[in-house]
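Written out below as structure tokens is the structure these notes cover.
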Amino acid sequence: MHDIVQKIFENEVRGTLDISSVVVPAWVEAGTSVELRCAWSPAHYKIWALKWYQGLREIYRYTPSNPSPVQVFHNPHLAVDAHRSTGGSVRLENVTLGAAGLFRCEVSAEAPTFKTVYGEKELRVIALPPSGPTIRGVAGHYQEGDWVDLTCSLGAAHPVPHLSFTVNGRPPPSSNVEPQIMGPSSQRGLRSSSIRLRFVLRRHHLYSSMTSIREGVVDGTHVRCMAELPTVDYRASTEVVLSTRPSYQAAGMGGRTSSVSSHFLKTDYTWAAGLVRLVITGVLLSSLQGLQGPI
């Protein structure tokens, strides 16, 4: 009885047991590791045990009075590294999406009170896509008035990042963009996604910037697709340039037409003009010689 009273007196002198801090990262990527930390106050307070819970499952227990103070418990969504866990710090390995949720640190005083205090924080588990977005549906070249029909796709992820388009650095009208489509959920809970952009190529699309407009430079239409997950500061993008080189339509056999580059057309014209000049010059020289007669 005297020992019990002595312990109560000692803890009262030390102060009231409380949780001073619980450190849980806001998010962790699936398959990686993370460290949780818990501290109590006063720091010199003699505790009976410190426990960590994932949801309602106990995953770790620290009992300082035991010969083997660290004890870990099986959990299907994570693994506790007993060799790198001690006191209020616990190291989690191979965290899966199923581990997301509340993690609670619980500290209990020694007998006879066994007073228990706790603190908890939420952990988000994410799975980023294996690579950035890709754009498909790009034609070899475009003319003013052509339909542009592009699809931007992103690999499986959780949560699914938001996809969006820009055309020459500006968001297109919402009427030209179809709602983002989610693929079926995989066994791991991941989903792919895609978004579609459709519009008619107009003259103002042919200039990528105000500088191009002022200089009259047709430098193609720049289409960018962006994937964003603001909560974890994830951003990825890809860009394609729609080629809009002018072409000359010449009549072909059977009413068909063939496209001839304006560069080659100009070259052919220059060569033909030079040939005509040579022929005319030769005719004039011959005529002059005939008029002059023999020297």
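Identifiers for the structure tokens are assigned positionally: chains receive A, B, ... in sequence, residues are indexed from 1 per chain, and ligands are indexed from 1 in the order shown.
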
Point to revise | Backbone DSSP call of strand (DSSP E) for range 77-219 of chain A, listed as an MDAnalysis selection string | key: chainID A and resid 79:80 89:93 101:109 116:126 134:136 147:157 162:167 181:182 191:200

Point to revise | Exercise: Thr96 in chain A partners within 12 Å, only C-alpha atoms, chain neighbours under 3 positions left out, as a ChimeraX atom specification | key: /A:27-34,75-79,92-93,99-101,123-127,158,188-190

Review point. Got a sec: who's within 10 Å of Thr63 in chain A, counting only C-alpha atoms, leaving out chain neighbours fewer than 5 positions off, as a ChimeraX atom specification?
Key: /A:47-51,68-71,86-87,108

Since we have the selection now, will you write its residues out, keeping all heavy atoms, as an mmCIF file, in the first residue's frame?
data_model
loop_
_atom_site.group_PDB
_atom_site.id
_atom_site.type_symbol
_atom_site.label_atom_id
_atom_site.label_comp_id
_atom_site.auth_asym_id
_atom_site.auth_seq_id
_atom_site.Cartn_x
_atom_site.Cartn_y
_atom_site.Cartn_z
ATOM 1 N N ILE A 47 5.664 6.267 -17.652
ATOM 2 C CA ILE A 47 4.456 5.706 -18.264
ATOM 3 C C ILE A 47 4.493 4.177 -18.195
ATOM 4 O O ILE A 47 5.555 3.569 -18.053
ATOM 5 C CB ILE A 47 4.308 6.156 -19.729
ATOM 6 C CG1 ILE A 47 5.448 5.584 -20.597
ATOM 7 C CG2 ILE A 47 4.256 7.662 -19.837
ATOM 8 C CD1 ILE A 47 5.243 5.765 -22.087
ATOM 9 N N TRP A 48 3.308 3.616 -18.307
ATOM 10 C CA TRP A 48 3.226 2.154 -18.355
ATOM 11 C C TRP A 48 3.393 1.668 -19.801
ATOM 12 O O TRP A 48 4.150 0.742 -20.065
ATOM 13 C CB TRP A 48 1.893 1.661 -17.793
ATOM 14 C CG TRP A 48 1.652 0.204 -18.058
ATOM 15 C CD1 TRP A 48 2.319 -0.854 -17.510
ATOM 16 C CD2 TRP A 48 0.709 -0.357 -18.977
ATOM 17 N NE1 TRP A 48 1.867 -2.046 -18.025
ATOM 18 C CE2 TRP A 48 0.861 -1.777 -18.929
ATOM 19 C CE3 TRP A 48 -0.261 0.178 -19.828
ATOM 20 C CZ2 TRP A 48 0.090 -2.641 -19.697
ATOM 21 C CZ3 TRP A 48 -1.029 -0.690 -20.575
ATOM 22 C CH2 TRP A 48 -0.844 -2.075 -20.510
ATOM 23 N N ALA A 49 2.697 2.333 -20.753
ATOM 24 C CA ALA A 49 2.782 1.895 -22.148
ATOM 25 C C ALA A 49 2.403 3.025 -23.091
ATOM 26 O O ALA A 49 1.642 3.931 -22.728
ATOM 27 C CB ALA A 49 1.888 0.693 -22.384
ATOM 28 N N LEU A 50 2.970 2.942 -24.292
ATOM 29 C CA LEU A 50 2.571 3.814 -25.402
ATOM 30 C C LEU A 50 2.153 2.917 -26.554
ATOM 31 O O LEU A 50 2.886 1.994 -26.926
ATOM 32 C CB LEU A 50 3.722 4.728 -25.819
ATOM 33 C CG LEU A 50 3.439 5.718 -26.963
ATOM 34 C CD1 LEU A 50 4.229 7.003 -26.766
ATOM 35 C CD2 LEU A 50 3.751 5.139 -28.337
ATOM 36 N N LYS A 51 0.992 3.197 -27.145
ATOM 37 C CA LYS A 51 0.467 2.348 -28.218
ATOM 38 C C LYS A 51 0.119 3.222 -29.430
ATOM 39 O O LYS A 51 -0.351 4.347 -29.290
ATOM 40 C CB LYS A 51 -0.793 1.606 -27.769
ATOM 41 C CG LYS A 51 -0.602 0.744 -26.527
ATOM 42 C CD LYS A 51 -1.930 0.140 -26.078
ATOM 43 C CE LYS A 51 -1.771 -0.657 -24.795
ATOM 44 N NZ LYS A 51 -3.065 -1.223 -24.337
ATOM 45 N N SER A 68 11.799 -6.709 -23.133
ATOM 46 C CA SER A 68 11.719 -6.404 -24.568
ATOM 47 C C SER A 68 10.601 -5.370 -24.749
ATOM 48 O O SER A 68 9.429 -5.734 -24.921
ATOM 49 C CB SER A 68 11.425 -7.665 -25.381
ATOM 50 O OG SER A 68 12.439 -8.624 -25.201
ATOM 51 N N PRO A 69 10.950 -4.117 -24.684
ATOM 52 C CA PRO A 69 9.904 -3.077 -24.607
ATOM 53 C C PRO A 69 9.083 -2.881 -25.880
ATOM 54 O O PRO A 69 7.949 -2.407 -25.806
ATOM 55 C CB PRO A 69 10.699 -1.813 -24.277
ATOM 56 C CG PRO A 69 12.079 -2.078 -24.776
ATOM 57 C CD PRO A 69 12.299 -3.551 -24.596
ATOM 58 N N VAL A 70 9.640 -3.228 -27.048
ATOM 59 C CA VAL A 70 8.938 -2.976 -28.320
ATOM 60 C C VAL A 70 8.196 -4.220 -28.773
ATOM 61 O O VAL A 70 8.775 -5.316 -28.841
ATOM 62 C CB VAL A 70 9.927 -2.510 -29.413
ATOM 63 C CG1 VAL A 70 9.219 -2.424 -30.767
ATOM 64 C CG2 VAL A 70 10.530 -1.162 -29.048
ATOM 65 N N GLN A 71 6.939 -4.057 -29.097
ATOM 66 C CA GLN A 71 6.108 -5.147 -29.608
ATOM 67 C C GLN A 71 5.327 -4.637 -30.818
ATOM 68 O O GLN A 71 4.746 -3.546 -30.767
ATOM 69 C CB GLN A 71 5.142 -5.639 -28.519
ATOM 70 C CG GLN A 71 4.325 -6.859 -28.906
ATOM 71 C CD GLN A 71 3.407 -7.315 -27.761
ATOM 72 O OE1 GLN A 71 3.366 -6.695 -26.700
ATOM 73 N NE2 GLN A 71 2.674 -8.393 -27.994
ATOM 74 N N THR A 86 11.150 2.939 -31.674
ATOM 75 C CA THR A 86 11.441 2.957 -30.245
ATOM 76 C C THR A 86 10.705 4.116 -29.593
ATOM 77 O O THR A 86 10.468 5.153 -30.222
ATOM 78 C CB THR A 86 12.950 3.087 -29.987
ATOM 79 O OG1 THR A 86 13.197 2.999 -28.579
ATOM 80 C CG2 THR A 86 13.481 4.409 -30.500
ATOM 81 N N GLY A 87 10.367 3.944 -28.320
ATOM 82 C CA GLY A 87 9.645 5.001 -27.616
ATOM 83 C C GLY A 87 8.373 5.363 -28.348
ATOM 84 O O GLY A 87 7.573 4.492 -28.725
ATOM 85 N N SER A 108 -0.469 5.554 -21.559
ATOM 86 C CA SER A 108 -1.084 5.196 -20.288
ATOM 87 C C SER A 108 -0.081 5.330 -19.148
ATOM 88 O O SER A 108 1.089 4.943 -19.286
ATOM 89 C CB SER A 108 -1.618 3.762 -20.326
ATOM 90 O OG SER A 108 -2.605 3.622 -21.339
#

Exercise for review: Do a neighbour search on Val107 in chain A at 10 Å with only C-alpha atoms, toss out local chain neighbours closer than 4 positions, and write the hits as a list of chain:residue names.
Suggested key: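 Skipping anything fewer than 4 positions along the chain leaves A:Leu17, A:Asp18, A:Ile19, A:Cys38, A:Ala39, A:Trp40, A:Ile47, A:Trp48, A:Ala49, A:Leu50, A:Lys51, A:Trp52, A:Arg61, A:Tyr62, A:Gly88, A:Phe114, A:Lys115, A:Thr116, A:Val117, A:Tyr118, A:Gly119.
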
**Study point:** Among the residues A:Gln54, A:Asn66, A:Ser41, A:Thr16, the one that comes closest to Val90 in chain A [using only C-alpha atoms]
**Key:**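 When distances to Val90 in chain A are compared using only C-alpha atoms, the smallest one comes from A:Gln54.
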
Practice item. Find the residues around Pro179 in chain A up to 12 Å (only C-alpha atoms counted), leave out those fewer than 6 positions away in its own chain, and share them as a ChimeraX atom specification. Key: /A:151-152,162-165,193-198

Exercise for review: Name all residues at most 9 Å from range 238-240 of chain A (count only C-alpha atoms; drop same-chain ones fewer than 4 positions away) and give them as a VMD selection string.
Suggested key: chain A and resid 132 to 135 138 221 to 226

Review point. Do you know which residues are at most 8 Å from Gly55 in chain A counting only C-alpha atoms, after dropping those on the same chain fewer than 4 positions away, and could you put them as JSON, numbers by chain?
Key: {"A": [101, 102, 103, 104]}

Check your understanding: Out of A:Leu150, A:Ala111, A:Leu97, A:Val241, which residue has the shortest atom-to-atom distance to Leu128 in chain A when counting only C-alpha atoms?
Key -> A:Leu97

**Study point:** For CA of Arg235 in chain A and CA of Gly169 in chain A, the interatomic separation in Å (one decimal)
**Key:**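 Taking CA of Arg235 in chain A as the start and CA of Gly169 in chain A as the end point, the length is 16.1 Å.
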
Check your understanding: Out of range 8-241 of chain A, which residues get alpha helix (DSSP H) from DSSP, as a list in words?
Key -> Ile8, Phe9, Glu10, Asn11, Glu12, Val13, Arg14, Met210, Thr211, Ser212, Ile213, Arg214 and Glu215 of chain A

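Ranking A:Val167, A:Ile59, A:Leu242, A:Ala236 by their shortest atom-to-atom distance to Glu144 in chain A, with only C-alpha atoms included, puts A:Leu242 first.
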